[in-house]
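Student: My questions all concern the structure below.
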Amino acid sequence: MFQPFLDLGGNRITGFEALLRWQHPSRGLVPPSEFIPIAEETGLIHEIGEWVIRRACATLADWPEDIRVAVNFSASQFHNTAILQTIVQALADAKVSPRRFEIEITESMLLSKYGSAATVLNALLELGVTVALDDFGTGFSSLTYLRKLPFSRIKIDQSFIRDMLVQPDCAAIVKSVIGLARDLNINVVAEGVETADQLEYLRQIGCDEVQGYLISRPVSADGVLALLDTKKLRAIYAA
Ligand code: C2E
Ligand code: MG
Ligand code: MG
């Protein structure tokens with residue numbers, strides 16, 4: 001499934017995040033929160049990850065040139081250096097520019113056994129792949145992480161967005177992160193935007209992009225093309 005990013009300056013969709021779903025024969029749709037931890041433990045995450053990368057790149061080839069795809073990675077995926085070749089090959093096979101491929105990692109990933117991951121990530125950055133820091137604010141939130149890699153984007157965790165209009169401390173955190181990112185020349189995405197009031201507030205305080213059920217729930221590859229086609233989206237979210 002793919003969930004769009006809406007750019008608040010241009011009122012346009014700039015890309016989609018690939019979100020894994022597992023259709024189980026008897027249990028129905030299993031969310032990633034249930035099977036990713038098991039896949040990490042068993043080592044199956046490498047095969048699953050490779051499948052996600054290949055599918056994301058192949059799907060990206062059907063999208064307009066100015067649309068990116070963002071893929072989530074588990075820390076352990078970077079301990080296997082073959083991941084580099086997998087990404088390079090998938091981009092080449094799909095004939096898409098590495099600049100349209102974004103890697104989403106979390107703060108915890110920068111914490112444990114970071115050494116080998118740094119080598120792989122730096123090689124990918126040299127290719128032109130971009131890196132986003134996901135769920136910002138929920139991990140150990142040491143600002144040192146922001147200096148470890150040249151991040152293109154910070155994604156403010158949905159827990160802050162959900163409470164920012166009811167809890168002043170949350171609003172303060174969201175505003176500060178946006179200010180910090182601006183000074184560091186990093187883009188900001190607000191995750192989990194569900195109401196028009198949240199969107200309006202984020203627009204006022206200078207957030208670059210938003211993602212959440214208000215704009216769209218995750219959709220299938222066909223749904224992506226339909227969304228990019230929707231004139232309605234423009235009318236609803238125009239300032
Ligand atoms: P994430 O990367 O932070 O993704 C955002 C999650 O929030 C997604 O849940 C998305 O469906 C959900 N979400 C989006 N908008 C809203 C909203 O407005 N309200 C609410 N309440 N939720 C919203 P999902 O798809 O269940 O994914 C959960 C997590 O699983 C992801 O968090 C990511 O860390 C992980 N994940 C997903 N796909 C992959 C993958 O291919 N590989 C790895 N390693 N992890 C993945
Ligand atoms: Mg993510
Ligand atoms: Mg997130």
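How things are named: the first chain in the structure tokens is A, the next is B, and so on; residues count from 1 in each chain; ligands count from 1 in the order shown.
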Using only C-alpha atoms and all ligand atoms, determine which residues fall within 6 Å of ligand 1, then list them as a PyMOL selection string.
Tutor: chain A and resi 19-20+31-33+52+72-74+135+192-194+212-213
Student: Skip stretch 92-99 of chain A itself and residues of its chain fewer than 2 positions away, then list as an MDAnalysis selection string all residues within 7 Å of it, counting only C-alpha atoms.
Tutor: chainID A and resid 57:58 61 88:90 101 127:130
Student: List as a PDB file with N, CA and C atoms, in the first residue's frame the protein and nucleic acid residues lying within 9 Å of ligand 2, with only C-alpha atoms and all ligand atoms counted.
Tutor:
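Dumped everything to out-v7.pdb:
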ATOM      1  N   GLU A  17       4.629   6.890   0.558  1.00  0.00           N
ATOM      2  CA  GLU A  17       5.383   5.960   1.402  1.00  0.00           C
ATOM      3  C   GLU A  17       4.832   4.554   1.178  1.00  0.00           C
ATOM      4  N   ALA A  18       5.741   3.596   0.967  1.00  0.00           N
ATOM      5  CA  ALA A  18       5.328   2.198   0.801  1.00  0.00           C
ATOM      6  C   ALA A  18       5.112   1.594   2.183  1.00  0.00           C
ATOM      7  N   LEU A  19       3.904   1.070   2.435  1.00  0.00           N
ATOM      8  CA  LEU A  19       3.590   0.457   3.732  1.00  0.00           C
ATOM      9  C   LEU A  19       3.172  -0.992   3.510  1.00  0.00           C
ATOM     10  N   ALA A  70       9.006   6.448  -0.711  1.00  0.00           N
ATOM     11  CA  ALA A  70       9.753   6.303   0.541  1.00  0.00           C
ATOM     12  C   ALA A  70       9.542   4.882   1.060  1.00  0.00           C
ATOM     13  N   VAL A  71      10.637   4.239   1.443  1.00  0.00           N
ATOM     14  CA  VAL A  71      10.581   2.848   1.907  1.00  0.00           C
ATOM     15  C   VAL A  71      11.119   2.768   3.342  1.00  0.00           C
ATOM     16  N   ASN A  72      10.405   2.033   4.200  1.00  0.00           N
ATOM     17  CA  ASN A  72      10.834   1.872   5.603  1.00  0.00           C
ATOM     18  C   ASN A  72      11.868   0.756   5.721  1.00  0.00           C
ATOM     19  N   PHE A  73      12.863   0.980   6.568  1.00  0.00           N
ATOM     20  CA  PHE A  73      13.898  -0.036   6.787  1.00  0.00           C
ATOM     21  C   PHE A  73      14.058  -0.339   8.269  1.00  0.00           C
ATOM     22  N   ILE A 103      14.832   6.615   1.831  1.00  0.00           N
ATOM     23  CA  ILE A 103      14.919   5.588   2.870  1.00  0.00           C
ATOM     24  C   ILE A 103      14.404   6.190   4.169  1.00  0.00           C
ATOM     25  N   GLU A 104      13.467   5.513   4.838  1.00  0.00           N
ATOM     26  CA  GLU A 104      13.003   5.983   6.148  1.00  0.00           C
ATOM     27  C   GLU A 104      13.621   5.121   7.239  1.00  0.00           C
ATOM     28  N   ILE A 105      14.353   5.782   8.141  1.00  0.00           N
ATOM     29  CA  ILE A 105      14.923   5.055   9.279  1.00  0.00           C
ATOM     30  C   ILE A 105      14.517   5.773  10.567  1.00  0.00           C
ATOM     31  N   THR A 106      14.572   5.047  11.671  1.00  0.00           N
ATOM     32  CA  THR A 106      14.190   5.658  12.946  1.00  0.00           C
ATOM     33  C   THR A 106      15.445   5.953  13.773  1.00  0.00           C
ATOM     34  N   ALA A 132      15.219   9.912   5.276  1.00  0.00           N
ATOM     35  CA  ALA A 132      14.312  10.622   6.183  1.00  0.00           C
ATOM     36  C   ALA A 132      14.405   9.987   7.568  1.00  0.00           C
ATOM     37  N   LEU A 133      14.303  10.826   8.610  1.00  0.00           N
ATOM     38  CA  LEU A 133      14.304  10.331   9.988  1.00  0.00           C
ATOM     39  C   LEU A 133      12.847  10.197  10.431  1.00  0.00           C
ATOM     40  N   ASP A 134      12.396   8.937  10.589  1.00  0.00           N
ATOM     41  CA  ASP A 134      10.990   8.606  10.846  1.00  0.00           C
ATOM     42  C   ASP A 134      10.674   8.687  12.348  1.00  0.00           C
ATOM     43  N   ASP A 135       9.402   8.892  12.680  1.00  0.00           N
ATOM     44  CA  ASP A 135       8.921   8.870  14.068  1.00  0.00           C
ATOM     45  C   ASP A 135       9.743   9.776  14.974  1.00  0.00           C
ATOM     46  N   LYS A 155      10.485  13.357   9.959  1.00  0.00           N
ATOM     47  CA  LYS A 155       9.056  13.081  10.055  1.00  0.00           C
ATOM     48  C   LYS A 155       8.652  13.148  11.525  1.00  0.00           C
ATOM     49  N   GLU A 191       3.345  13.562  10.481  1.00  0.00           N
ATOM     50  CA  GLU A 191       2.686  12.264  10.290  1.00  0.00           C
ATOM     51  C   GLU A 191       1.347  12.237  11.015  1.00  0.00           C
TER      52      GLU A 191
END
Student: Can you list every residue of stretch 106-143 of chain A that has an atom at most 12 Å from stretch 163-181 of chain A, with its nearest atom pair and the distance in Å to one decimal, using only C-alpha atoms, ordered by chain then number, as a tab-separated table?
Tutor:
residue	atom	partner	partner_atom	distance
A:Leu133	CA	A:Ala181	CA	11.5
A:Phe136	CA	A:Val177	CA	9.0
A:Gly137	CA	A:Ile173	CA	8.8
A:Thr138	CA	A:Ile173	CA	11.8
A:Ser141	CA	A:Val177	CA	11.1
A:Leu143	CA	A:Leu180	CA	10.1
Student: For the selection you just gave me, I'd like the residues written to a file as a short mmCIF file (atom, residue, chain, number, x, y, z; two decimals), in the first residue's frame, keeping C-alpha atoms.
Tutor:
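Saved to again-v2.cif:
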data_model
loop_
_atom_site.label_atom_id
_atom_site.label_comp_id
_atom_site.auth_asym_id
_atom_site.auth_seq_id
_atom_site.Cartn_x
_atom_site.Cartn_y
_atom_site.Cartn_z
CA LEU A 133 14.30 10.33 9.99
CA PHE A 136 11.03 11.80 15.22
CA GLY A 137 10.66 12.54 18.90
CA THR A 138 9.75 9.06 20.07
CA SER A 141 15.71 12.01 20.54
CA LEU A 143 19.86 15.89 18.61
#
Student: Quick one: everything within 12 Å of A:Leu111, counting only C-alpha atoms, minus sequence neighbours fewer than 2 positions away in the same chain. Send it as a list in words.
Tutor: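 The neighbour list is Ala75, Ser76, Ile105, Thr106, Glu107, Ser108, Met109, Lys113, Tyr114, Gly115, Ser116, Ala117, Ala118, Gly139, Phe140, Ser141, Ser142, Thr144, Tyr145 and Lys148 of chain A.
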Student: Let me see the file: selected residues, C-alpha atoms, as a JSON list (two decimals), in the first residue's frame.
Tutor:
[["chain", "number", "residue", "atom", "x", "y", "z"],
["A", 75, "ALA", "CA", 18.08, -1.54, 11.51],
["A", 76, "SER", "CA", 19.06, -5.16, 10.88],
["A", 105, "ILE", "CA", 14.92, 5.06, 9.28],
["A", 106, "THR", "CA", 14.19, 5.66, 12.95],
["A", 107, "GLU", "CA", 16.35, 7.07, 15.69],
["A", 108, "SER", "CA", 16.84, 3.63, 17.23],
["A", 109, "MET", "CA", 18.52, 2.55, 14.02],
["A", 113, "LYS", "CA", 25.69, -1.28, 15.99],
["A", 114, "TYR", "CA", 25.63, 1.71, 13.70],
["A", 115, "GLY", "CA", 29.04, 1.07, 12.16],
["A", 116, "SER", "CA", 28.18, -1.17, 9.20],
["A", 117, "ALA", "CA", 24.91, 0.67, 8.58],
["A", 118, "ALA", "CA", 26.82, 3.94, 8.22],
["A", 139, "GLY", "CA", 13.17, 7.43, 20.35],
["A", 140, "PHE", "CA", 16.00, 8.74, 22.43],
["A", 141, "SER", "CA", 15.71, 12.01, 20.54],
["A", 142, "SER", "CA", 19.28, 13.00, 20.95],
["A", 144, "THR", "CA", 23.25, 14.31, 17.91],
["A", 145, "TYR", "CA", 21.43, 11.97, 15.52],
["A", 148, "LYS", "CA", 25.13, 11.67, 11.93]]
Student: Just give me the gap between atom CA of A:Arg203 and atom CA of A:Asp183 in Å, one decimal is fine.
Tutor: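 About the pair atom CA of A:Arg203 and atom CA of A:Asp183: they are 17.5 Å apart.
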Student: Take atom CA of A:Asn187 and atom CA of A:Asp229 and report the distance between them in Å, one decimal.
Tutor: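 Here the two named atoms are 25.2 Å from each other.
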Student: Using DSSP on the backbone coordinates, identify all residues within stretch 104-137 of chain A classified as alpha helix (DSSP H); present the result as a VMD selection string.
Tutor: chain A and resid 114 to 127
Student: Expressed in Å to a single decimal, how great is the separation between atom CA of A:Cys207 and atom CA of A:Leu8?
Tutor: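 Distance reported for this atom pair: 7.4 Å.
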Student: Would you give me, as a list in words, the residues in stretch 31-203 of chain A that DSSP reads as strand (DSSP E or B)?
Tutor: Arg68, Val69, Ala70, Val71, Asn72, Phe101, Glu102, Ile103, Glu104, Ile105, Thr106, Thr130, Val131, Ala132, Leu133, Asp134, Asp135, Phe136, Arg153, Ile154, Lys155, Ile156, Asn187, Val188, Val189 and Ala190 of chain A
Student: Would you mind listing what lies within 8 Å of A:Gln77 as a list in words, with only C-alpha atoms counted and same-chain residues fewer than 3 positions away left out?
Tutor: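 Counting only C-alpha atoms, the residues come to Ile45, His46, Gly49, Phe73, Ser74, Asn80 and Ile83 of chain A.
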